[in-house]
Amino acid sequence: MSPTLLALTLSLVLYAGPAQAGAITIACEDNLPPFSSGPSGQEHGIVVDIIRQITQDLGLSDAIHLFPWSRVYAMGQNQPNTLVCAMARTPERENLFQWVGEVIHSPPVLLLLADNREHLPKDGRLDDYRRYTIGVLHGSYQEKYLLAHGFTALEPFASYAQGYQMLRAGRIDLWAANQLTAFSTVRQLQDDPGRLLQTAFVFRELPQGMSMAFSLGTPRATVDAFRKALEAIKRDGRYQKILNQNG
């Protein structure tokens with residue numbers, strides 16, 4: 001461990017005490033491949049592996065809990081000492097959390113079936129897609145963005161798998177999704193995203209990645225320790241190794 005990281009670890013323990021330092025609640029969204037998914041006790045994914053590496057470096061418990069997104073978000077807003085594993089760092093959320101740093105780069109996009117590429121615009125302006133039916137994860141920042149821009153032909157879905165099935169069945173024209181999660185979901189369903197999907201539009205005004213954040217009631221020493229630990233694994237190559245191991 002580097003001197004800086006060692007000092008931050010010691011300050012974390014001295015500030016909060018061993019019992020409190022180990023009492024962080026780690027809340028990840030369930031069924032969010034390739035970031036976090038799996039049954040209890042078998043959690044896996046890019047963000048899960050990153051958090052396990054950080055907690056190992058800091059000598060903390062790595063008990064990770066997977067919940068539906070609405071519960072994860074509510075816990076992060078209302079429960080002290082709670083780490084939200086990954087979410088978009090939007091202006092609306094900026095002052096509601098203490099931000100650790102970006103854990104994955106993956107832009108939000110509109111996806112279409114490759115078979116329909118002749119019938120739908122590609123790389124257009126947002127307004128070009130207003131007359132098409134768009135499937136969007138209920139409660140997501142993409143849904144809020146589209147609603148704020150006056151889109152009405154939205155079809156909410158509860159999971160990425162459901163969104164993809166709606167696209168394949170022709171119930172929606174476009175699938176609003178995080179790019180990596182969409183591709184990973186399609187692979188899990190034994191389909192080839194490279195052959196079946198094309199990107200129609202990138203939401204460049206929205207965050208282009210997912211960030212880790214603590215609830216406001218978390219001691220600053222805890223947040224600083226996690227931030228420095230994340231920076232350390234990015235700097236020494238372990239972060240890239242985790243990405244490679246997760247494909």
# chains A, B, ... in the order shown; residues from 1 in each chain; ligands from 1

$ select_by_dssp --residues "stretch 90-150 of chain A" --states "strand (DSSP E or B)" --output "PDB file with all heavy atoms, in the first residue's frame"
ATOM      1  N   PHE A  97     -25.305  13.638  -3.001  1.00  0.00           N
ATOM      2  CA  PHE A  97     -24.366  12.576  -2.638  1.00  0.00           C
ATOM      3  C   PHE A  97     -22.959  13.151  -2.511  1.00  0.00           C
ATOM      4  O   PHE A  97     -22.676  14.263  -2.944  1.00  0.00           O
ATOM      5  CB  PHE A  97     -24.374  11.471  -3.713  1.00  0.00           C
ATOM      6  CG  PHE A  97     -25.708  10.820  -3.916  1.00  0.00           C
ATOM      7  CD1 PHE A  97     -26.603  11.313  -4.859  1.00  0.00           C
ATOM      8  CD2 PHE A  97     -26.076   9.716  -3.173  1.00  0.00           C
ATOM      9  CE1 PHE A  97     -27.839  10.728  -5.052  1.00  0.00           C
ATOM     10  CE2 PHE A  97     -27.319   9.121  -3.362  1.00  0.00           C
ATOM     11  CZ  PHE A  97     -28.204   9.621  -4.300  1.00  0.00           C
ATOM     12  N   GLN A  98     -22.071  12.338  -1.919  1.00  0.00           N
ATOM     13  CA  GLN A  98     -20.644  12.649  -1.895  1.00  0.00           C
ATOM     14  C   GLN A  98     -19.973  11.717  -2.911  1.00  0.00           C
ATOM     15  O   GLN A  98     -19.952  10.502  -2.722  1.00  0.00           O
ATOM     16  CB  GLN A  98     -20.068  12.421  -0.492  1.00  0.00           C
ATOM     17  CG  GLN A  98     -20.729  13.278   0.580  1.00  0.00           C
ATOM     18  CD  GLN A  98     -20.094  13.061   1.936  1.00  0.00           C
ATOM     19  OE1 GLN A  98     -19.016  13.581   2.225  1.00  0.00           O
ATOM     20  NE2 GLN A  98     -20.757  12.286   2.789  1.00  0.00           N
ATOM     21  N   TRP A  99     -19.408  12.307  -3.949  1.00  0.00           N
ATOM     22  CA  TRP A  99     -18.975  11.531  -5.101  1.00  0.00           C
ATOM     23  C   TRP A  99     -17.547  11.021  -4.918  1.00  0.00           C
ATOM     24  O   TRP A  99     -16.654  11.762  -4.513  1.00  0.00           O
ATOM     25  CB  TRP A  99     -19.097  12.369  -6.364  1.00  0.00           C
ATOM     26  CG  TRP A  99     -20.530  12.725  -6.634  1.00  0.00           C
ATOM     27  CD1 TRP A  99     -21.195  13.833  -6.214  1.00  0.00           C
ATOM     28  CD2 TRP A  99     -21.488  11.923  -7.323  1.00  0.00           C
ATOM     29  NE1 TRP A  99     -22.512  13.784  -6.610  1.00  0.00           N
ATOM     30  CE2 TRP A  99     -22.719  12.620  -7.301  1.00  0.00           C
ATOM     31  CE3 TRP A  99     -21.428  10.693  -7.978  1.00  0.00           C
ATOM     32  CZ2 TRP A  99     -23.875  12.120  -7.886  1.00  0.00           C
ATOM     33  CZ3 TRP A  99     -22.578  10.196  -8.576  1.00  0.00           C
ATOM     34  CH2 TRP A  99     -23.775  10.905  -8.519  1.00  0.00           C
ATOM     35  N   VAL A 100     -17.361   9.744  -5.245  1.00  0.00           N
ATOM     36  CA  VAL A 100     -16.048   9.103  -5.142  1.00  0.00           C
ATOM     37  C   VAL A 100     -15.292   9.225  -6.459  1.00  0.00           C
ATOM     38  O   VAL A 100     -14.135   9.631  -6.495  1.00  0.00           O
ATOM     39  CB  VAL A 100     -16.202   7.620  -4.737  1.00  0.00           C
ATOM     40  CG1 VAL A 100     -14.849   6.909  -4.762  1.00  0.00           C
ATOM     41  CG2 VAL A 100     -16.839   7.518  -3.354  1.00  0.00           C
ATOM     42  N   GLY A 101     -15.938   8.873  -7.570  1.00  0.00           N
ATOM     43  CA  GLY A 101     -15.290   8.956  -8.875  1.00  0.00           C
ATOM     44  C   GLY A 101     -15.947   8.018  -9.859  1.00  0.00           C
ATOM     45  O   GLY A 101     -16.747   7.145  -9.498  1.00  0.00           O
ATOM     46  N   GLU A 102     -15.612   8.189 -11.123  1.00  0.00           N
ATOM     47  CA  GLU A 102     -16.177   7.349 -12.183  1.00  0.00           C
ATOM     48  C   GLU A 102     -15.615   5.942 -12.093  1.00  0.00           C
ATOM     49  O   GLU A 102     -14.400   5.750 -11.981  1.00  0.00           O
ATOM     50  CB  GLU A 102     -15.876   7.949 -13.556  1.00  0.00           C
ATOM     51  CG  GLU A 102     -16.550   7.193 -14.699  1.00  0.00           C
ATOM     52  CD  GLU A 102     -16.329   7.838 -16.054  1.00  0.00           C
ATOM     53  OE1 GLU A 102     -17.105   8.733 -16.426  1.00  0.00           O
ATOM     54  OE2 GLU A 102     -15.368   7.426 -16.733  1.00  0.00           O
ATOM     55  N   VAL A 103     -16.506   4.961 -12.168  1.00  0.00           N
ATOM     56  CA  VAL A 103     -16.064   3.564 -12.113  1.00  0.00           C
ATOM     57  C   VAL A 103     -16.113   2.883 -13.475  1.00  0.00           C
ATOM     58  O   VAL A 103     -15.468   1.857 -13.677  1.00  0.00           O
ATOM     59  CB  VAL A 103     -16.889   2.749 -11.086  1.00  0.00           C
ATOM     60  CG1 VAL A 103     -16.543   3.174  -9.673  1.00  0.00           C
ATOM     61  CG2 VAL A 103     -18.386   2.893 -11.338  1.00  0.00           C
ATOM     62  N   ILE A 104     -16.882   3.441 -14.404  1.00  0.00           N
ATOM     63  CA  ILE A 104     -16.942   2.837 -15.735  1.00  0.00           C
ATOM     64  C   ILE A 104     -17.371   3.889 -16.740  1.00  0.00           C
ATOM     65  O   ILE A 104     -18.203   4.749 -16.441  1.00  0.00           O
ATOM     66  CB  ILE A 104     -17.921   1.634 -15.763  1.00  0.00           C
ATOM     67  CG1 ILE A 104     -17.725   0.785 -17.022  1.00  0.00           C
ATOM     68  CG2 ILE A 104     -19.346   2.085 -15.615  1.00  0.00           C
ATOM     69  CD1 ILE A 104     -16.445   0.004 -17.056  1.00  0.00           C
ATOM     70  N   HIS A 105     -16.796   3.818 -17.931  1.00  0.00           N
ATOM     71  CA  HIS A 105     -17.189   4.715 -19.012  1.00  0.00           C
ATOM     72  C   HIS A 105     -18.094   3.943 -19.963  1.00  0.00           C
ATOM     73  O   HIS A 105     -17.691   2.930 -20.534  1.00  0.00           O
ATOM     74  CB  HIS A 105     -15.966   5.237 -19.767  1.00  0.00           C
ATOM     75  CG  HIS A 105     -16.317   6.214 -20.849  1.00  0.00           C
ATOM     76  ND1 HIS A 105     -16.536   7.544 -20.593  1.00  0.00           N
ATOM     77  CD2 HIS A 105     -16.509   6.041 -22.183  1.00  0.00           C
ATOM     78  CE1 HIS A 105     -16.844   8.164 -21.729  1.00  0.00           C
ATOM     79  NE2 HIS A 105     -16.836   7.275 -22.708  1.00  0.00           N
ATOM     80  N   PRO A 108     -24.878   6.663 -22.515  1.00  0.00           N
ATOM     81  CA  PRO A 108     -26.288   6.341 -22.738  1.00  0.00           C
ATOM     82  C   PRO A 108     -26.632   6.554 -24.207  1.00  0.00           C
ATOM     83  O   PRO A 108     -26.220   7.548 -24.813  1.00  0.00           O
ATOM     84  CB  PRO A 108     -27.024   7.345 -21.842  1.00  0.00           C
ATOM     85  CG  PRO A 108     -26.100   8.509 -21.748  1.00  0.00           C
ATOM     86  CD  PRO A 108     -24.706   7.969 -21.860  1.00  0.00           C
ATOM     87  N   VAL A 109     -27.371   5.620 -24.785  1.00  0.00           N
ATOM     88  CA  VAL A 109     -27.616   5.640 -26.230  1.00  0.00           C
ATOM     89  C   VAL A 109     -29.058   5.243 -26.542  1.00  0.00           C
ATOM     90  O   VAL A 109     -29.776   4.705 -25.693  1.00  0.00           O
ATOM     91  CB  VAL A 109     -26.666   4.668 -26.965  1.00  0.00           C
ATOM     92  CG1 VAL A 109     -25.222   5.112 -26.846  1.00  0.00           C
ATOM     93  CG2 VAL A 109     -26.834   3.231 -26.442  1.00  0.00           C
ATOM     94  N   LEU A 110     -29.458   5.501 -27.794  1.00  0.00           N
ATOM     95  CA  LEU A 110     -30.656   4.917 -28.373  1.00  0.00           C
ATOM     96  C   LEU A 110     -30.203   3.836 -29.345  1.00  0.00           C
ATOM     97  O   LEU A 110     -29.407   4.103 -30.249  1.00  0.00           O
ATOM     98  CB  LEU A 110     -31.486   5.967 -29.117  1.00  0.00           C
ATOM     99  CG  LEU A 110     -32.177   7.040 -28.280  1.00  0.00           C
ATOM    100  CD1 LEU A 110     -32.912   8.020 -29.197  1.00  0.00           C
ATOM    101  CD2 LEU A 110     -33.151   6.418 -27.288  1.00  0.00           C
ATOM    102  N   LEU A 111     -30.700   2.623 -29.147  1.00  0.00           N
ATOM    103  CA  LEU A 111     -30.327   1.497 -29.994  1.00  0.00           C
ATOM    104  C   LEU A 111     -31.502   1.080 -30.865  1.00  0.00           C
ATOM    105  O   LEU A 111     -32.667   1.158 -30.439  1.00  0.00           O
ATOM    106  CB  LEU A 111     -29.890   0.316 -29.131  1.00  0.00           C
ATOM    107  CG  LEU A 111     -28.634   0.543 -28.281  1.00  0.00           C
ATOM    108  CD1 LEU A 111     -28.509  -0.540 -27.218  1.00  0.00           C
ATOM    109  CD2 LEU A 111     -27.392   0.587 -29.144  1.00  0.00           C
ATOM    110  N   LEU A 112     -31.188   0.628 -32.063  1.00  0.00           N
ATOM    111  CA  LEU A 112     -32.218   0.115 -32.964  1.00  0.00           C
ATOM    112  C   LEU A 112     -31.799  -1.263 -33.464  1.00  0.00           C
ATOM    113  O   LEU A 112     -30.626  -1.642 -33.392  1.00  0.00           O
ATOM    114  CB  LEU A 112     -32.454   1.069 -34.134  1.00  0.00           C
ATOM    115  CG  LEU A 112     -31.258   1.484 -35.009  1.00  0.00           C
ATOM    116  CD1 LEU A 112     -30.940   0.442 -36.078  1.00  0.00           C
ATOM    117  CD2 LEU A 112     -31.552   2.813 -35.686  1.00  0.00           C
ATOM    118  N   LEU A 113     -32.774  -2.010 -33.953  1.00  0.00           N
ATOM    119  CA  LEU A 113     -32.455  -3.290 -34.574  1.00  0.00           C
ATOM    120  C   LEU A 113     -31.788  -3.044 -35.921  1.00  0.00           C
ATOM    121  O   LEU A 113     -32.232  -2.190 -36.698  1.00  0.00           O
ATOM    122  CB  LEU A 113     -33.719  -4.117 -34.779  1.00  0.00           C
ATOM    123  CG  LEU A 113     -34.367  -4.702 -33.522  1.00  0.00           C
ATOM    124  CD1 LEU A 113     -35.667  -5.420 -33.897  1.00  0.00           C
ATOM    125  CD2 LEU A 113     -33.428  -5.667 -32.813  1.00  0.00           C
ATOM    126  N   ILE A 134     -40.051   4.909 -27.932  1.00  0.00           N
ATOM    127  CA  ILE A 134     -38.772   4.646 -27.267  1.00  0.00           C
ATOM    128  C   ILE A 134     -39.022   3.891 -25.970  1.00  0.00           C
ATOM    129  O   ILE A 134     -39.802   4.329 -25.115  1.00  0.00           O
ATOM    130  CB  ILE A 134     -38.031   5.963 -26.966  1.00  0.00           C
ATOM    131  CG1 ILE A 134     -37.757   6.725 -28.277  1.00  0.00           C
ATOM    132  CG2 ILE A 134     -36.732   5.688 -26.212  1.00  0.00           C
ATOM    133  CD1 ILE A 134     -37.162   8.110 -28.058  1.00  0.00           C
ATOM    134  N   GLY A 135     -38.379   2.759 -25.818  1.00  0.00           N
ATOM    135  CA  GLY A 135     -38.413   2.021 -24.568  1.00  0.00           C
ATOM    136  C   GLY A 135     -37.345   2.551 -23.631  1.00  0.00           C
ATOM    137  O   GLY A 135     -36.198   2.753 -24.033  1.00  0.00           O
ATOM    138  N   VAL A 136     -37.717   2.774 -22.374  1.00  0.00           N
ATOM    139  CA  VAL A 136     -36.784   3.389 -21.434  1.00  0.00           C
ATOM    140  C   VAL A 136     -36.987   2.786 -20.043  1.00  0.00           C
ATOM    141  O   VAL A 136     -38.108   2.461 -19.647  1.00  0.00           O
ATOM    142  CB  VAL A 136     -36.978   4.927 -21.409  1.00  0.00           C
ATOM    143  CG1 VAL A 136     -38.357   5.304 -20.897  1.00  0.00           C
ATOM    144  CG2 VAL A 136     -35.873   5.624 -20.634  1.00  0.00           C
ATOM    145  N   LEU A 137     -35.897   2.607 -19.323  1.00  0.00           N
ATOM    146  CA  LEU A 137     -35.961   2.042 -17.965  1.00  0.00           C
ATOM    147  C   LEU A 137     -36.716   2.995 -17.054  1.00  0.00           C
ATOM    148  O   LEU A 137     -36.373   4.176 -16.954  1.00  0.00           O
ATOM    149  CB  LEU A 137     -34.554   1.799 -17.434  1.00  0.00           C
ATOM    150  CG  LEU A 137     -34.455   1.132 -16.053  1.00  0.00           C
ATOM    151  CD1 LEU A 137     -34.973  -0.310 -16.115  1.00  0.00           C
ATOM    152  CD2 LEU A 137     -33.012   1.156 -15.551  1.00  0.00           C
TER     153      LEU A 137
END

$ residues_around --residues "stretch 189-204 of chain A" --least-positions-apart "6" --cutoff "9 Å" --atoms "only C-alpha atoms" --output "list in words"
Pro107, Pro108, Val109, Leu110, Leu111, Leu112, Leu113, Ala114, Asp115, Arg117, Leu120, Pro121, Lys122, Asp123, Gly124, Arg125, Leu126, Tyr129, Gln142, Ala161, Leu174, Gln179, Ala182 and Phe183 of chain A

$ residues_around --residues "A:Ile64" --least-positions-apart "4" --cutoff "8 Å" --atoms "only C-alpha atoms" --output "PDB file with all heavy atoms, in the first residue's frame"
ATOM      1  N   THR A  25     -22.687   0.268   4.401  1.00  0.00           N
ATOM      2  CA  THR A  25     -23.615  -0.515   3.599  1.00  0.00           C
ATOM      3  C   THR A  25     -23.294  -0.287   2.125  1.00  0.00           C
ATOM      4  O   THR A  25     -23.304   0.849   1.652  1.00  0.00           O
ATOM      5  CB  THR A  25     -25.072  -0.106   3.872  1.00  0.00           C
ATOM      6  OG1 THR A  25     -25.377  -0.329   5.251  1.00  0.00           O
ATOM      7  CG2 THR A  25     -26.029  -0.918   3.005  1.00  0.00           C
ATOM      8  N   ILE A  26     -22.977  -1.359   1.422  1.00  0.00           N
ATOM      9  CA  ILE A  26     -22.626  -1.273   0.001  1.00  0.00           C
ATOM     10  C   ILE A  26     -23.826  -1.749  -0.812  1.00  0.00           C
ATOM     11  O   ILE A  26     -24.185  -2.925  -0.780  1.00  0.00           O
ATOM     12  CB  ILE A  26     -21.388  -2.117  -0.318  1.00  0.00           C
ATOM     13  CG1 ILE A  26     -20.209  -1.668   0.550  1.00  0.00           C
ATOM     14  CG2 ILE A  26     -21.038  -2.027  -1.797  1.00  0.00           C
ATOM     15  CD1 ILE A  26     -18.974  -2.539   0.417  1.00  0.00           C
ATOM     16  N   ALA A  27     -24.454  -0.813  -1.511  1.00  0.00           N
ATOM     17  CA  ALA A  27     -25.697  -1.110  -2.237  1.00  0.00           C
ATOM     18  C   ALA A  27     -25.473  -0.972  -3.732  1.00  0.00           C
ATOM     19  O   ALA A  27     -25.156   0.105  -4.231  1.00  0.00           O
ATOM     20  CB  ALA A  27     -26.815  -0.171  -1.779  1.00  0.00           C
ATOM     21  N   CYS A  28     -25.652  -2.069  -4.457  1.00  0.00           N
ATOM     22  CA  CYS A  28     -25.511  -2.084  -5.913  1.00  0.00           C
ATOM     23  C   CYS A  28     -26.847  -2.441  -6.550  1.00  0.00           C
ATOM     24  O   CYS A  28     -27.647  -3.171  -5.962  1.00  0.00           O
ATOM     25  CB  CYS A  28     -24.470  -3.112  -6.354  1.00  0.00           C
ATOM     26  SG  CYS A  28     -22.785  -2.795  -5.803  1.00  0.00           S
ATOM     27  N   GLU A  43     -22.452 -12.443  -6.053  1.00  0.00           N
ATOM     28  CA  GLU A  43     -22.461 -11.185  -6.790  1.00  0.00           C
ATOM     29  C   GLU A  43     -21.194 -11.074  -7.645  1.00  0.00           C
ATOM     30  O   GLU A  43     -20.105 -11.449  -7.208  1.00  0.00           O
ATOM     31  CB  GLU A  43     -22.537 -10.004  -5.826  1.00  0.00           C
ATOM     32  CG  GLU A  43     -23.771  -9.986  -4.937  1.00  0.00           C
ATOM     33  CD  GLU A  43     -23.607 -10.781  -3.662  1.00  0.00           C
ATOM     34  OE1 GLU A  43     -22.541 -11.422  -3.491  1.00  0.00           O
ATOM     35  OE2 GLU A  43     -24.545 -10.798  -2.842  1.00  0.00           O
ATOM     36  N   VAL A  48     -18.645  -4.617  -8.901  1.00  0.00           N
ATOM     37  CA  VAL A  48     -18.483  -5.487  -7.732  1.00  0.00           C
ATOM     38  C   VAL A  48     -17.003  -5.789  -7.501  1.00  0.00           C
ATOM     39  O   VAL A  48     -16.493  -5.702  -6.374  1.00  0.00           O
ATOM     40  CB  VAL A  48     -19.284  -6.794  -7.912  1.00  0.00           C
ATOM     41  CG1 VAL A  48     -18.930  -7.804  -6.822  1.00  0.00           C
ATOM     42  CG2 VAL A  48     -20.782  -6.499  -7.890  1.00  0.00           C
TER      43      VAL A  48
END

$ residues_around --residues "A:Gly41" --least-positions-apart "5" --cutoff "10 Å" --atoms "only C-alpha atoms" --output "list in words"
Ala63, Ile64, His65 and Leu66 of chain A

$ select_by_dssp --residues "stretch 58-149 of chain A" --states "helix (DSSP H, G or I)" --output "list in words"
Leu58, Trp69, Ser70, Arg71, Val72, Tyr73, Ala74, Met75, Gly76, Gln77, Asn78, Glu94, Asn95, Leu96, Ala114, Asp115, Asn116, Leu126, Asp127, Asp128, Tyr129, Tyr141, Gln142, Glu143, Lys144, Tyr145, Leu146, Leu147 and Ala148 of chain A

$ atom_distance --atom1 "atom CA of A:Asp128" --atom2 "atom CA of A:Trp175"
14.9 Å

$ atom_distance --atom1 "atom CA of A:Ala229" --atom2 "atom CA of A:Lys241"
15.4 Å

$ closest_residue --among "A:Gln79, A:Pro207, A:Leu154, A:Val186" --to "A:Pro33" --atoms "only C-alpha atoms"
A:Val186

$ residues_around --residues "stretch 85-88 of chain A" --least-positions-apart "2" --cutoff "6 Å" --atoms "only C-alpha atoms" --output "list of chain:residue names"
A:Cys28, A:Leu83, A:Thr90, A:Pro207, A:Met210, A:Ser211, A:Met212

$ closest_residue --among "A:Arg131, A:Ser106, A:Asn244, A:Arg238" --to "A:Arg52" --atoms "only C-alpha atoms"
A:Arg238

$ decode --residues "stretch 170-191 of chain A" --atoms "N, CA and C atoms" --output "mmCIF file, in the first residue's frame"
data_model
loop_
_atom_site.group_PDB
_atom_site.id
_atom_site.type_symbol
_atom_site.label_atom_id
_atom_site.label_comp_id
_atom_site.auth_asym_id
_atom_site.auth_seq_id
_atom_site.Cartn_x
_atom_site.Cartn_y
_atom_site.Cartn_z
ATOM 1 N N GLY A 170 -40.901 -5.758 -31.638
ATOM 2 C CA GLY A 170 -41.460 -4.651 -32.394
ATOM 3 C C GLY A 170 -42.380 -3.752 -31.592
ATOM 4 N N ARG A 171 -42.394 -3.903 -30.270
ATOM 5 C CA ARG A 171 -43.248 -3.061 -29.432
ATOM 6 C C ARG A 171 -42.675 -1.660 -29.278
ATOM 7 N N ILE A 172 -41.376 -1.508 -29.491
ATOM 8 C CA ILE A 172 -40.723 -0.198 -29.469
ATOM 9 C C ILE A 172 -39.820 -0.098 -30.691
ATOM 10 N N ASP A 173 -39.567 1.132 -31.122
ATOM 11 C CA ASP A 173 -38.670 1.361 -32.256
ATOM 12 C C ASP A 173 -37.223 1.516 -31.810
ATOM 13 N N LEU A 174 -37.044 2.097 -30.626
ATOM 14 C CA LEU A 174 -35.717 2.411 -30.116
ATOM 15 C C LEU A 174 -35.620 2.007 -28.648
ATOM 16 N N TRP A 175 -34.435 1.619 -28.261
ATOM 17 C CA TRP A 175 -34.170 1.147 -26.899
ATOM 18 C C TRP A 175 -33.181 2.109 -26.251
ATOM 19 N N ALA A 176 -33.647 2.870 -25.251
ATOM 20 C CA ALA A 176 -32.763 3.766 -24.511
ATOM 21 C C ALA A 176 -32.043 2.956 -23.443
ATOM 22 N N ALA A 177 -30.717 2.997 -23.466
ATOM 23 C CA ALA A 177 -29.965 2.107 -22.587
ATOM 24 C C ALA A 177 -28.557 2.611 -22.366
ATOM 25 N N ASN A 178 -27.976 2.138 -21.281
ATOM 26 C CA ASN A 178 -26.538 2.258 -21.103
ATOM 27 C C ASN A 178 -25.890 1.259 -22.063
ATOM 28 N N GLN A 179 -24.931 1.703 -22.848
ATOM 29 C CA GLN A 179 -24.424 0.883 -23.944
ATOM 30 C C GLN A 179 -23.862 -0.461 -23.483
ATOM 31 N N LEU A 180 -22.995 -0.463 -22.477
ATOM 32 C CA LEU A 180 -22.384 -1.713 -22.031
ATOM 33 C C LEU A 180 -23.413 -2.658 -21.436
ATOM 34 N N THR A 181 -24.350 -2.113 -20.669
ATOM 35 C CA THR A 181 -25.379 -2.958 -20.072
ATOM 36 C C THR A 181 -26.269 -3.565 -21.145
ATOM 37 N N ALA A 182 -26.619 -2.786 -22.150
ATOM 38 C CA ALA A 182 -27.437 -3.313 -23.241
ATOM 39 C C ALA A 182 -26.725 -4.462 -23.940
ATOM 40 N N PHE A 183 -25.472 -4.265 -24.299
ATOM 41 C CA PHE A 183 -24.733 -5.302 -25.016
ATOM 42 C C PHE A 183 -24.563 -6.555 -24.164
ATOM 43 N N SER A 184 -24.271 -6.358 -22.872
ATOM 44 C CA SER A 184 -24.096 -7.503 -21.984
ATOM 45 C C SER A 184 -25.408 -8.264 -21.804
ATOM 46 N N THR A 185 -26.523 -7.543 -21.711
ATOM 47 C CA THR A 185 -27.837 -8.180 -21.581
ATOM 48 C C THR A 185 -28.151 -9.043 -22.794
ATOM 49 N N VAL A 186 -27.870 -8.515 -23.983
ATOM 50 C CA VAL A 186 -28.134 -9.261 -25.207
ATOM 51 C C VAL A 186 -27.286 -10.529 -25.262
ATOM 52 N N ARG A 187 -26.030 -10.438 -24.841
ATOM 53 C CA ARG A 187 -25.170 -11.630 -24.825
ATOM 54 C C ARG A 187 -25.721 -12.672 -23.853
ATOM 55 N N GLN A 188 -26.195 -12.223 -22.683
ATOM 56 C CA GLN A 188 -26.752 -13.159 -21.705
ATOM 57 C C GLN A 188 -27.972 -13.891 -22.260
ATOM 58 N N LEU A 189 -28.686 -13.244 -23.169
ATOM 59 C CA LEU A 189 -29.851 -13.858 -23.792
ATOM 60 C C LEU A 189 -29.483 -14.651 -25.049
ATOM 61 N N GLN A 190 -28.170 -14.909 -25.194
ATOM 62 C CA GLN A 190 -27.652 -15.766 -26.269
ATOM 63 C C GLN A 190 -27.823 -15.158 -27.656
ATOM 64 N N ASP A 191 -27.835 -13.824 -27.735
ATOM 65 C CA ASP A 191 -27.866 -13.135 -29.021
ATOM 66 C C ASP A 191 -26.561 -12.371 -29.223
#
